[in-house]
$ cat protein.cif   # mmCIF, C-alpha atoms and all ligand atoms
data_upload
#
loop_
_atom_site.label_atom_id
_atom_site.label_comp_id
_atom_site.auth_asym_id
_atom_site.auth_seq_id
_atom_site.Cartn_x
_atom_site.Cartn_y
_atom_site.Cartn_z
CA MET A 1 121.59 187.97 72.56
CA ASN A 2 123.14 188.21 75.99
CA PRO A 3 126.43 190.17 75.49
CA VAL A 4 128.40 187.70 77.64
CA LYS A 5 127.17 184.79 75.52
CA ALA A 6 127.87 186.74 72.36
CA PHE A 7 131.39 187.44 73.60
CA MET A 8 132.01 183.77 74.40
CA ARG A 9 130.97 182.84 70.88
CA THR A 10 133.30 185.21 69.03
CA ARG A 11 136.56 183.90 67.61
CA LEU A 12 139.63 184.06 69.79
CA HIS A 13 141.49 186.78 67.95
CA THR A 14 138.38 188.96 68.07
CA LYS A 15 138.25 188.43 71.82
CA ILE A 16 141.90 189.41 72.11
CA LEU A 17 141.24 192.51 70.03
CA ILE A 18 138.32 193.43 72.28
CA GLY A 19 140.59 192.98 75.31
CA LEU A 20 143.21 195.20 73.70
CA VAL A 21 140.79 197.99 72.82
CA ALA A 22 139.05 197.80 76.20
CA GLY A 23 142.43 198.16 77.92
CA VAL A 24 142.70 201.79 76.77
CA PRO A 25 139.62 203.22 78.58
CA VAL A 26 140.33 201.00 81.58
CA GLY A 27 143.88 202.40 81.73
CA LEU A 28 142.67 205.99 81.33
CA LEU A 29 140.07 205.47 84.02
CA LEU A 30 142.35 203.84 86.55
CA GLY A 31 145.43 205.95 85.81
CA PRO A 32 148.49 204.83 87.80
CA ARG A 33 146.19 202.50 89.80
CA ALA A 34 146.04 200.30 86.71
CA GLU A 35 149.26 198.76 87.97
CA HIS A 36 147.08 196.82 90.41
CA ILE A 37 145.67 194.76 87.57
CA GLU A 38 148.98 194.43 85.75
CA PHE A 39 149.64 191.12 87.54
CA LEU A 40 146.99 189.52 85.30
CA GLY A 41 149.05 190.51 82.29
CA ARG A 42 152.29 189.36 83.88
CA LEU A 43 150.63 186.07 84.68
CA PHE A 44 149.62 185.65 81.05
CA ILE A 45 153.16 186.41 79.84
CA LEU A 46 154.56 183.84 82.27
CA LEU A 47 152.07 181.28 81.06
CA ILE A 48 153.13 181.59 77.45
CA ARG A 49 156.78 181.96 78.35
CA MET A 50 156.68 178.66 80.19
CA ILE A 51 155.90 176.97 76.88
CA VAL A 52 158.73 178.57 74.90
CA VAL A 53 161.71 176.41 75.90
CA PRO A 54 160.09 172.95 75.76
CA LEU A 55 158.28 173.84 72.54
CA VAL A 56 161.31 175.24 70.73
CA PHE A 57 163.61 172.44 71.80
CA SER A 58 161.25 169.56 71.12
CA SER A 59 159.84 170.80 67.84
CA LEU A 60 163.23 171.80 66.44
CA PHE A 61 164.74 168.46 67.47
CA VAL A 62 161.89 166.50 65.90
CA GLY A 63 161.87 168.78 62.86
CA THR A 64 165.59 168.28 62.24
CA ALA A 65 165.42 164.54 62.88
CA SER A 66 162.54 164.09 60.46
CA LEU A 67 164.14 166.27 57.81
CA GLY A 68 167.10 163.89 57.91
CA ASN A 69 168.83 165.80 55.16
CA ILE A 70 171.75 167.97 56.17
CA ARG A 71 172.04 169.63 52.79
CA LYS A 72 168.40 170.70 52.90
CA LEU A 73 168.92 171.98 56.42
CA GLY A 74 171.88 174.04 55.27
CA ARG A 75 169.84 175.48 52.42
CA ILE A 76 166.97 176.42 54.73
CA GLY A 77 169.49 178.02 57.11
CA ALA A 78 171.14 180.03 54.35
CA LYS A 79 167.82 181.24 52.93
CA THR A 80 166.58 182.21 56.37
CA VAL A 81 169.66 184.20 57.31
CA LEU A 82 169.75 185.90 53.90
CA TYR A 83 166.07 186.87 54.17
CA TYR A 84 166.57 188.19 57.69
CA LEU A 85 169.61 190.26 56.76
CA CYS A 86 167.99 191.74 53.64
CA THR A 87 164.71 192.68 55.30
CA THR A 88 166.54 194.19 58.28
CA ALA A 89 168.73 196.32 56.04
CA ILE A 90 165.66 197.47 54.07
CA ALA A 91 163.87 198.31 57.32
CA ILE A 92 166.67 200.55 58.59
CA THR A 93 166.93 202.21 55.20
CA ILE A 94 163.22 203.06 55.34
CA GLY A 95 163.74 204.49 58.84
CA LEU A 96 166.68 206.59 57.68
CA LEU A 97 164.90 207.87 54.57
CA LEU A 98 161.87 208.95 56.59
CA GLY A 99 164.05 210.48 59.31
CA ASN A 100 165.95 212.54 56.75
CA ALA A 101 162.84 213.58 54.85
CA ILE A 102 160.57 214.47 57.77
CA GLN A 103 163.21 215.67 60.25
CA PRO A 104 161.32 214.66 63.40
CA GLY A 105 163.93 216.21 65.72
CA SER A 106 164.22 219.63 64.16
CA GLY A 107 161.06 221.17 65.58
CA LEU A 108 161.42 220.02 69.19
CA GLU A 109 161.01 222.95 71.61
CA GLU A 110 164.02 223.74 73.78
CA SER A 111 161.80 223.58 76.90
CA THR A 112 160.44 220.12 75.98
CA LYS A 113 163.99 218.96 75.35
CA SER A 114 165.28 220.01 78.80
CA GLU A 115 162.15 218.69 80.48
CA LEU A 116 162.57 215.28 78.86
CA LEU A 117 166.29 215.16 79.55
CA GLU A 118 165.66 215.96 83.18
CA SER A 119 162.77 213.61 83.86
CA TYR A 120 164.33 210.59 82.17
CA SER A 121 167.98 211.12 83.10
CA THR A 122 168.08 208.42 85.81
CA GLU A 123 166.36 205.84 83.65
CA ALA A 124 168.65 206.74 80.74
CA ALA A 125 171.72 206.34 82.96
CA GLN A 126 170.51 202.86 83.98
CA LYS A 127 170.09 201.77 80.35
CA ILE A 128 173.53 203.15 79.44
CA GLU A 129 175.02 201.22 82.37
CA ILE A 130 173.38 197.97 81.19
CA ALA A 131 174.56 198.63 77.64
CA SER A 132 178.12 199.27 78.77
CA GLN A 133 178.26 195.72 80.12
CA ARG A 134 177.63 194.29 76.67
CA PRO A 135 180.62 193.60 74.42
CA SER A 136 180.95 196.08 71.56
CA GLY A 137 182.61 196.36 68.14
CA ALA A 138 184.50 193.36 66.72
CA ASP A 139 184.46 191.76 70.17
CA ALA A 140 180.68 191.70 70.01
CA ILE A 141 180.69 189.66 66.80
CA VAL A 142 183.21 187.11 68.08
CA GLU A 143 181.49 186.93 71.47
CA THR A 144 178.07 186.43 69.86
CA LEU A 145 179.44 183.58 67.73
CA ILE A 146 181.23 181.91 70.62
CA ARG A 147 178.19 182.20 72.83
CA ILE A 148 176.11 180.16 70.39
CA VAL A 149 177.89 177.00 71.51
CA PRO A 150 176.49 175.87 74.84
CA GLY A 151 178.99 174.59 77.36
CA ASN A 152 176.08 173.03 79.18
CA PRO A 153 172.84 172.54 77.23
CA ILE A 154 170.81 172.08 80.38
CA ALA A 155 171.97 175.51 81.56
CA SER A 156 171.02 176.94 78.14
CA LEU A 157 167.52 175.53 78.54
CA ALA A 158 167.27 176.90 82.06
CA GLU A 159 168.50 180.33 80.98
CA GLU A 160 166.22 180.42 77.92
CA ASN A 161 169.26 181.08 75.74
CA MET A 162 167.58 180.73 72.38
CA LEU A 163 170.61 180.56 70.09
CA GLN A 164 172.25 177.88 72.24
CA ILE A 165 169.01 175.90 72.39
CA ILE A 166 168.71 176.09 68.60
CA PHE A 167 172.32 175.01 68.16
CA PHE A 168 171.99 172.01 70.46
CA ALA A 169 168.59 170.91 69.14
CA LEU A 170 169.89 171.03 65.55
CA LEU A 171 173.00 168.99 66.30
CA PHE A 172 171.12 166.51 68.47
CA GLY A 173 168.45 166.18 65.75
CA ILE A 174 171.09 165.42 63.13
CA ALA A 175 172.93 163.03 65.45
CA ILE A 176 169.86 161.00 66.31
CA THR A 177 169.31 160.14 62.65
CA LEU A 178 172.82 158.67 62.56
CA VAL A 179 172.13 156.22 65.38
CA PRO A 180 172.16 152.76 63.76
CA GLY A 181 169.01 150.68 63.52
CA ASN A 182 165.86 152.08 64.99
CA LYS A 183 167.36 152.89 68.34
CA GLY A 184 166.95 156.66 68.02
CA GLN A 185 163.23 156.44 67.31
CA PRO A 186 162.03 156.43 70.96
CA ALA A 187 163.75 159.78 71.53
CA ILE A 188 162.07 161.23 68.43
CA ASP A 189 158.68 159.83 69.50
CA PHE A 190 159.11 161.20 72.99
CA PHE A 191 159.93 164.74 71.86
CA GLU A 192 157.20 164.60 69.24
CA ALA A 193 154.72 163.94 72.03
CA VAL A 194 156.25 166.78 74.07
CA SER A 195 155.95 169.17 71.14
CA GLU A 196 152.32 168.23 70.49
CA GLY A 197 151.52 168.57 74.17
CA MET A 198 153.04 172.04 74.19
CA ILE A 199 150.87 173.04 71.24
CA GLN A 200 147.78 171.95 73.16
CA LEU A 201 149.08 174.00 76.06
CA VAL A 202 149.24 177.06 73.80
CA HIS A 203 145.53 176.54 73.05
CA ILE A 204 144.71 176.37 76.75
CA VAL A 205 146.81 179.38 77.74
CA MET A 206 145.43 181.47 74.89
CA LYS A 207 141.98 181.25 76.43
CA PHE A 208 143.34 183.59 79.04
CA ALA A 209 144.77 185.98 76.42
CA PRO A 210 141.92 188.52 76.29
CA ILE A 211 142.16 189.24 80.03
CA GLY A 212 145.95 189.24 80.00
CA VAL A 213 146.02 191.62 77.05
CA LEU A 214 143.46 193.95 78.62
CA ALA A 215 145.52 194.16 81.82
CA LEU A 216 148.78 194.78 79.96
CA ILE A 217 147.35 197.56 77.81
CA ALA A 218 145.54 199.17 80.76
CA ALA A 219 148.80 199.17 82.74
CA VAL A 220 150.74 200.84 79.92
CA VAL A 221 148.07 203.48 79.32
CA GLY A 222 147.63 204.06 83.06
CA LYS A 223 151.35 204.43 83.67
CA PHE A 224 152.41 206.55 80.73
CA GLY A 225 149.19 208.37 79.90
CA VAL A 226 148.87 209.98 76.53
CA ASP A 227 150.46 213.38 77.30
CA ILE A 228 154.03 212.32 76.68
CA LEU A 229 152.96 210.96 73.32
CA PHE A 230 151.96 214.44 72.21
CA SER A 231 155.28 216.08 73.00
CA LEU A 232 157.05 213.46 70.91
CA LEU A 233 154.29 213.02 68.39
CA LYS A 234 156.33 213.77 65.29
CA TYR A 235 159.06 211.31 66.27
CA ALA A 236 156.58 208.60 67.25
CA LEU A 237 154.60 209.07 64.05
CA VAL A 238 157.70 208.75 61.88
CA VAL A 239 158.59 205.45 63.59
CA VAL A 240 155.04 204.13 63.25
CA ALA A 241 154.79 205.29 59.61
CA GLY A 242 158.06 203.50 58.81
CA LEU A 243 156.84 200.33 60.50
CA VAL A 244 153.57 200.41 58.60
CA LEU A 245 155.33 201.02 55.29
CA HIS A 246 157.73 198.17 55.92
CA MET A 247 154.93 195.83 56.86
CA VAL A 248 152.64 196.78 54.00
CA PHE A 249 155.18 196.96 51.20
CA ILE A 250 158.05 194.66 52.08
CA TYR A 251 156.25 191.78 53.77
CA SER A 252 153.25 191.93 51.48
CA GLY A 253 155.57 191.94 48.49
CA ALA A 254 157.66 189.07 49.83
CA VAL A 255 154.74 186.82 50.71
CA ARG A 256 153.04 187.49 47.40
CA LEU A 257 156.18 187.04 45.34
CA PHE A 258 157.74 184.04 47.07
CA GLY A 259 155.10 182.80 49.48
CA LYS A 260 152.27 182.09 47.02
CA ILE A 261 149.73 183.71 49.31
CA GLY A 262 147.82 187.00 49.25
CA PRO A 263 149.02 189.58 51.79
CA LEU A 264 145.57 189.84 53.38
CA GLU A 265 145.47 186.13 53.96
CA PHE A 266 148.94 186.29 55.46
CA PHE A 267 148.05 189.12 57.83
CA ARG A 268 144.80 187.40 58.81
CA GLY A 269 146.71 184.22 59.56
CA ILE A 270 149.19 185.84 61.92
CA ARG A 271 146.80 188.31 63.56
CA PRO A 272 146.64 186.47 66.92
CA ALA A 273 150.43 186.53 67.15
CA GLN A 274 150.51 190.22 66.23
CA LEU A 275 148.03 191.05 68.97
CA ILE A 276 150.06 189.13 71.55
CA ALA A 277 153.30 190.73 70.38
CA PHE A 278 151.73 194.18 70.61
CA SER A 279 150.52 193.57 74.14
CA THR A 280 153.59 191.80 75.54
CA SER A 281 156.38 193.69 73.67
CA SER A 282 158.30 190.44 73.50
CA SER A 283 159.06 188.35 70.42
CA ASN A 284 160.31 185.55 72.66
CA ALA A 285 157.15 185.37 74.71
CA THR A 286 155.05 185.49 71.54
CA LEU A 287 157.01 182.64 69.96
CA PRO A 288 154.60 179.77 70.78
CA VAL A 289 151.73 181.75 69.26
CA THR A 290 153.77 182.75 66.20
CA MET A 291 154.68 179.09 65.60
CA GLU A 292 151.11 178.03 66.04
CA CYS A 293 149.81 180.64 63.59
CA ALA A 294 152.50 179.85 61.01
CA GLU A 295 151.74 176.13 61.14
CA GLU A 296 147.97 176.09 61.57
CA ASN A 297 146.95 179.19 59.65
CA LEU A 298 149.63 179.60 57.01
CA GLY A 299 150.42 175.94 56.44
CA VAL A 300 154.16 176.19 57.16
CA SER A 301 155.61 172.77 58.00
CA GLU A 302 156.80 172.13 61.55
CA GLU A 303 160.32 171.47 60.25
CA VAL A 304 160.56 174.97 58.82
CA SER A 305 158.63 176.88 61.47
CA SER A 306 160.52 175.29 64.36
CA PHE A 307 163.80 176.46 62.89
CA VAL A 308 163.00 179.77 61.22
CA LEU A 309 160.81 181.27 63.95
CA PRO A 310 162.92 180.71 67.10
CA LEU A 311 165.93 181.92 65.14
CA GLY A 312 163.95 184.96 64.02
CA ALA A 313 162.79 185.80 67.54
CA THR A 314 166.44 186.21 68.42
CA ILE A 315 168.27 187.45 65.36
CA ASN A 316 165.62 189.16 63.28
CA MET A 317 164.23 192.47 64.47
CA ASP A 318 163.23 194.59 61.53
CA GLY A 319 160.96 196.84 63.57
CA THR A 320 163.66 197.44 66.16
CA ALA A 321 166.26 198.19 63.51
CA LEU A 322 163.95 200.65 61.73
CA TYR A 323 163.20 202.37 65.01
CA GLN A 324 166.92 202.64 65.77
CA GLY A 325 167.48 204.38 62.44
CA VAL A 326 164.82 206.97 63.19
CA ALA A 327 165.91 207.35 66.82
CA ALA A 328 169.56 207.97 65.91
CA ILE A 329 168.57 210.62 63.38
CA PHE A 330 166.11 212.18 65.83
CA ILE A 331 168.71 212.47 68.58
CA ALA A 332 171.27 213.90 66.16
CA GLN A 333 168.75 216.48 64.96
CA VAL A 334 167.74 217.53 68.46
CA TYR A 335 171.39 218.10 69.33
CA GLY A 336 171.93 219.93 66.05
CA LEU A 337 174.48 217.38 64.80
CA SER A 338 174.54 216.28 61.19
CA LEU A 339 175.04 212.71 60.05
CA THR A 340 177.03 212.06 56.88
CA VAL A 341 176.14 209.34 54.37
CA GLY A 342 178.99 207.31 55.88
CA ASP A 343 177.42 207.72 59.33
CA GLN A 344 174.13 206.49 57.98
CA ILE A 345 175.74 203.43 56.44
CA THR A 346 177.30 202.80 59.84
CA ILE A 347 173.79 202.94 61.32
CA VAL A 348 172.65 200.25 58.88
CA LEU A 349 175.55 197.98 59.85
CA MET A 350 175.38 198.61 63.57
CA ALA A 351 171.61 198.31 63.85
CA THR A 352 171.70 195.03 61.91
CA LEU A 353 174.40 193.66 64.20
CA ALA A 354 172.61 194.96 67.27
CA SER A 355 169.41 193.18 66.28
CA ILE A 356 171.28 189.90 65.80
CA GLY A 357 172.90 189.98 69.20
CA ALA A 358 169.82 190.87 71.24
CA ALA A 359 167.10 188.58 72.53
CA GLY A 360 163.44 189.41 71.81
CA VAL A 361 162.50 190.83 75.20
CA PRO A 362 160.80 194.10 76.12
CA GLY A 363 162.89 197.24 75.84
CA ILE A 364 166.05 195.62 74.50
CA GLY A 365 165.95 197.90 71.45
CA ILE A 366 166.76 201.02 73.43
CA ILE A 367 169.68 199.31 75.10
CA THR A 368 171.23 198.22 71.84
CA LEU A 369 170.50 201.69 70.45
CA THR A 370 173.24 202.99 72.71
CA MET A 371 175.68 200.80 70.72
CA VAL A 372 174.61 202.60 67.56
CA LEU A 373 174.84 206.04 69.20
CA GLN A 374 178.23 205.27 70.64
CA THR A 375 179.66 204.23 67.29
CA LEU A 376 178.42 207.47 65.76
CA GLY A 377 179.70 209.58 68.64
CA LEU A 378 176.20 210.84 69.45
CA PRO A 379 175.38 211.79 73.07
CA LEU A 380 174.20 208.66 74.89
CA GLU A 381 172.08 210.66 77.31
CA GLY A 382 169.98 211.50 74.23
CA ILE A 383 168.03 208.31 74.91
CA ALA A 384 166.37 210.22 77.76
CA LEU A 385 164.57 212.18 75.05
CA ILE A 386 162.79 209.14 73.69
CA LEU A 387 162.35 206.97 76.77
CA GLY A 388 158.90 208.34 77.52
CA VAL A 389 157.41 206.87 74.37
CA ASP A 390 159.61 203.83 74.22
CA ARG A 391 157.12 201.37 75.65
CA ILE A 392 154.44 202.22 73.12
CA LEU A 393 156.94 202.10 70.25
CA ASP A 394 158.28 198.81 71.61
CA MET A 395 154.78 197.37 71.25
CA CYS A 396 154.63 198.49 67.63
CA ARG A 397 158.13 197.36 66.67
CA THR A 398 157.69 193.95 68.33
CA THR A 399 154.57 193.44 66.19
CA VAL A 400 156.68 194.12 63.10
CA ASN A 401 159.50 191.89 64.38
CA ILE A 402 157.29 188.82 64.65
CA THR A 403 155.53 189.63 61.37
CA GLY A 404 158.96 189.60 59.71
CA ASP A 405 159.73 186.23 61.29
CA ALA A 406 156.42 184.78 60.11
CA SER A 407 156.92 186.12 56.59
CA ALA A 408 160.35 184.44 56.52
CA ALA A 409 158.83 181.13 57.61
CA LEU A 410 156.26 181.37 54.86
CA VAL A 411 158.74 182.36 52.16
CA VAL A 412 161.27 179.67 53.13
CA ALA A 413 158.54 177.02 53.37
CA ALA A 414 157.08 177.96 50.00
CA THR A 415 160.43 177.87 48.23
CA GLU A 416 161.29 174.54 49.86
CA GLY A 417 157.96 172.87 49.04
CA GLU A 418 157.21 172.81 52.78
CA LEU A 419 153.84 174.55 52.71
CA GLU A 420 151.76 171.67 53.90
CA ARG A 421 148.20 172.75 53.52
CA PRO A 422 146.38 175.15 51.30
CA SER A 423 146.32 178.32 53.31
CA ARG A 424 142.61 178.76 52.59
CA GLU A 425 142.06 176.56 55.63
CA ALA A 426 143.21 179.52 57.72
CA GLU A 427 139.60 180.53 58.20
CA GLY A 428 138.66 177.68 60.44
CA ALA A 429 142.02 177.30 62.12
CA SER A 430 143.14 178.29 65.55
CA PRO A 431 144.14 179.94 67.78
N1 LIG A 501 160.73 194.08 72.32
C1 LIG A 501 161.32 193.79 71.04
C2 LIG A 501 161.10 192.32 70.72
O1 LIG A 501 160.90 191.52 71.59
C3 LIG A 501 162.75 194.14 70.98
C4 LIG A 501 162.92 195.64 71.13
O2 LIG A 501 162.83 196.33 70.12
O3 LIG A 501 163.09 196.13 72.24
O4 LIG A 501 161.12 191.94 69.58
#
$ encode --input "protein.cif" --output "structure tokens"
Amino acid sequence: MNPVKAFMRTRLHTKILIGLVAGVPVGLLLGPRAEHIEFLGRLFILLIRMIVVPLVFSSLFVGTASLGNIRKLGRIGAKTVLYYLCTTAIAITIGLLLGNAIQPGSGLEESTKSELLESYSTEAAQKIEIASQRPSGADAIVETLIRIVPGNPIASLAEENMLQIIFFALLFGIAITLVPGNKGQPAIDFFEAVSEGMIQLVHIVMKFAPIGVLALIAAVVGKFGVDILFSLLKYALVVVAGLVLHMVFIYSGAVRLFGKIGPLEFFRGIRPAQLIAFSTSSSNATLPVTMECAEENLGVSEEVSSFVLPLGATINMDGTALYQGVAAIFIAQVYGLSLTVGDQITIVLMATLASIGAAGVPGIGIITLTMVLQTLGLPLEGIALILGVDRILDMCRTTVNITGDASAALVVAATEGELERPSREAEGASP
């Protein structure tokens, strides 16, 4: 068969995978010139990002309004937050255990260390500057809580402030059910149509995914090359091993135990979202695809997915937290500093807090890492050591972040009787 025809006939996630794999040789071939095709990837990210705000707002509003049961909503909220906190703490613990056992920073050559510190010092200084503008310590907790309440919901929508959007959509959804008579119904019908329209838009935009993904991967490979990966191989491998362990054991266990679904079926169902997360390094941008996969492929109800997933994209970052555990240990080891058990418990607390306060955008993990380093008194310029491989690790940790969100949606839905369809239908589903 004609290869073009054969390609057109394959399923979408296979096409995305082909785009992803093809991006590597294209990037190697073009080298730094690959940045000339990066606009295709940026275009794709913008296309899915444009869906995020209307989709999250409308589906969460409709979901809350049709749930019509505040107690149930509270229960779903409590389960979600508990699941997120537990899995994040487990993730960091895995990172710390591996970091202590494998000691990724102890064998780093002195020459490599000074080379890395020198070449990434400016970039590191920029990140530290950005981080210093964020509130820290107890202030950070109070600030984060206060900032959930939007002074102006329209501004929250315009600024893509996810927590504020969630807050407003939830309250508005509850309020509309209290409007006497049937007067609130037109608003619910309107936003239901908006939400369904946005889902159709996801389908359309995803047709462009293979090209977007190819361009994004080619640009990363072309820009960073593979050399830097080798000098930090041990560190990068420890992070990736931790991420894989967390994904395979914790999520598989959780979906099997609480989600009434086999792990393979779960991973198959969310594969398109994982591929997009890997290529875009952004949980927020991946959100429409994650919601689509959770609903269509895993059978999670819209009520649950529209609440659990946008919340997860913002407050749940297991991959990022795990990476921060390894990174803190790595930096301490390279500088010959030892971390006590107390220090490591501090890492668990700080990395959990850091992941709650940060939005799911590319590279945010390294900025919040400075919060962790600062609390431990570790040298902030140490982030220069790991900046070179940060993009590639960001891709991996974002994949884990959205997998964690999807597993939460499945677990919460299953325990609430909100799994709408037998997940076997995943096979024929989209995207
Ligand atoms: N890029 C990650 C995300 O969007 C966050 C990070 O680790 O930098 O989930």
$ residues_near_ligand --input "protein.cif" --ligand "ligand LIG 501 (chain A)" --cutoff "8 Å" --atoms "only C-alpha atoms and all ligand atoms" --output "PyMOL selection string"
chain A and resi 277+281-285+313-314+317+319-321+323+358-367+394-395+397-399+401-402
$ residues_around --input "protein.cif" --residues "Gln164 in chain A" --least-positions-apart "2" --cutoff "10 Å" --atoms "all atoms listed in the file" --output "mmCIF file with C-alpha atoms, in the frame of the given file"
data_model
loop_
_atom_site.group_PDB
_atom_site.id
_atom_site.type_symbol
_atom_site.label_atom_id
_atom_site.label_comp_id
_atom_site.auth_asym_id
_atom_site.auth_seq_id
_atom_site.Cartn_x
_atom_site.Cartn_y
_atom_site.Cartn_z
ATOM 1 C CA ILE A 146 181.230 181.910 70.620
ATOM 2 C CA ARG A 147 178.190 182.200 72.830
ATOM 3 C CA ILE A 148 176.110 180.160 70.390
ATOM 4 C CA VAL A 149 177.890 177.000 71.510
ATOM 5 C CA PRO A 150 176.490 175.870 74.840
ATOM 6 C CA GLY A 151 178.990 174.590 77.360
ATOM 7 C CA ASN A 152 176.080 173.030 79.180
ATOM 8 C CA PRO A 153 172.840 172.540 77.230
ATOM 9 C CA ALA A 155 171.970 175.510 81.560
ATOM 10 C CA SER A 156 171.020 176.940 78.140
ATOM 11 C CA LEU A 157 167.520 175.530 78.540
ATOM 12 C CA GLU A 159 168.500 180.330 80.980
ATOM 13 C CA GLU A 160 166.220 180.420 77.920
ATOM 14 C CA ASN A 161 169.260 181.080 75.740
ATOM 15 C CA MET A 162 167.580 180.730 72.380
ATOM 16 C CA ILE A 166 168.710 176.090 68.600
ATOM 17 C CA PHE A 167 172.320 175.010 68.160
ATOM 18 C CA PHE A 168 171.990 172.010 70.460
ATOM 19 C CA ALA A 169 168.590 170.910 69.140
ATOM 20 C CA LEU A 170 169.890 171.030 65.550
#
$ closest_residue --input "protein.cif" --among "A:Gly27, A:Gly259, A:Gly242, A:Gly312" --to "Gly77 in chain A" --atoms "only C-alpha atoms"
A:Gly312
$ closest_residue --input "protein.cif" --among "A:Thr368, A:Leu85, A:Ile128, A:Leu145" --to "Asp405 in chain A" --atoms "only C-alpha atoms"
A:Leu85
$ residues_near_point --input "protein.cif" --point "(154.0, 181.0, 63.3)" --cutoff "9 Å" --atoms "only C-alpha atoms" --output "PyMOL selection string"
chain A and resi 269-270+273+287-298+300+305-306+309+402-403+405-407+409-410
$ write_last_selection --input "protein.cif" --atoms "C-alpha atoms" --output "mmCIF file, keeping the file's coordinate frame"
data_model
loop_
_atom_site.group_PDB
_atom_site.id
_atom_site.type_symbol
_atom_site.label_atom_id
_atom_site.label_comp_id
_atom_site.auth_asym_id
_atom_site.auth_seq_id
_atom_site.Cartn_x
_atom_site.Cartn_y
_atom_site.Cartn_z
ATOM 1 C CA GLY A 269 146.710 184.220 59.560
ATOM 2 C CA ILE A 270 149.190 185.840 61.920
ATOM 3 C CA ALA A 273 150.430 186.530 67.150
ATOM 4 C CA LEU A 287 157.010 182.640 69.960
ATOM 5 C CA PRO A 288 154.600 179.770 70.780
ATOM 6 C CA VAL A 289 151.730 181.750 69.260
ATOM 7 C CA THR A 290 153.770 182.750 66.200
ATOM 8 C CA MET A 291 154.680 179.090 65.600
ATOM 9 C CA GLU A 292 151.110 178.030 66.040
ATOM 10 C CA CYS A 293 149.810 180.640 63.590
ATOM 11 C CA ALA A 294 152.500 179.850 61.010
ATOM 12 C CA GLU A 295 151.740 176.130 61.140
ATOM 13 C CA GLU A 296 147.970 176.090 61.570
ATOM 14 C CA ASN A 297 146.950 179.190 59.650
ATOM 15 C CA LEU A 298 149.630 179.600 57.010
ATOM 16 C CA VAL A 300 154.160 176.190 57.160
ATOM 17 C CA SER A 305 158.630 176.880 61.470
ATOM 18 C CA SER A 306 160.520 175.290 64.360
ATOM 19 C CA LEU A 309 160.810 181.270 63.950
ATOM 20 C CA ILE A 402 157.290 188.820 64.650
ATOM 21 C CA THR A 403 155.530 189.630 61.370
ATOM 22 C CA ASP A 405 159.730 186.230 61.290
ATOM 23 C CA ALA A 406 156.420 184.780 60.110
ATOM 24 C CA SER A 407 156.920 186.120 56.590
ATOM 25 C CA ALA A 409 158.830 181.130 57.610
ATOM 26 C CA LEU A 410 156.260 181.370 54.860
#
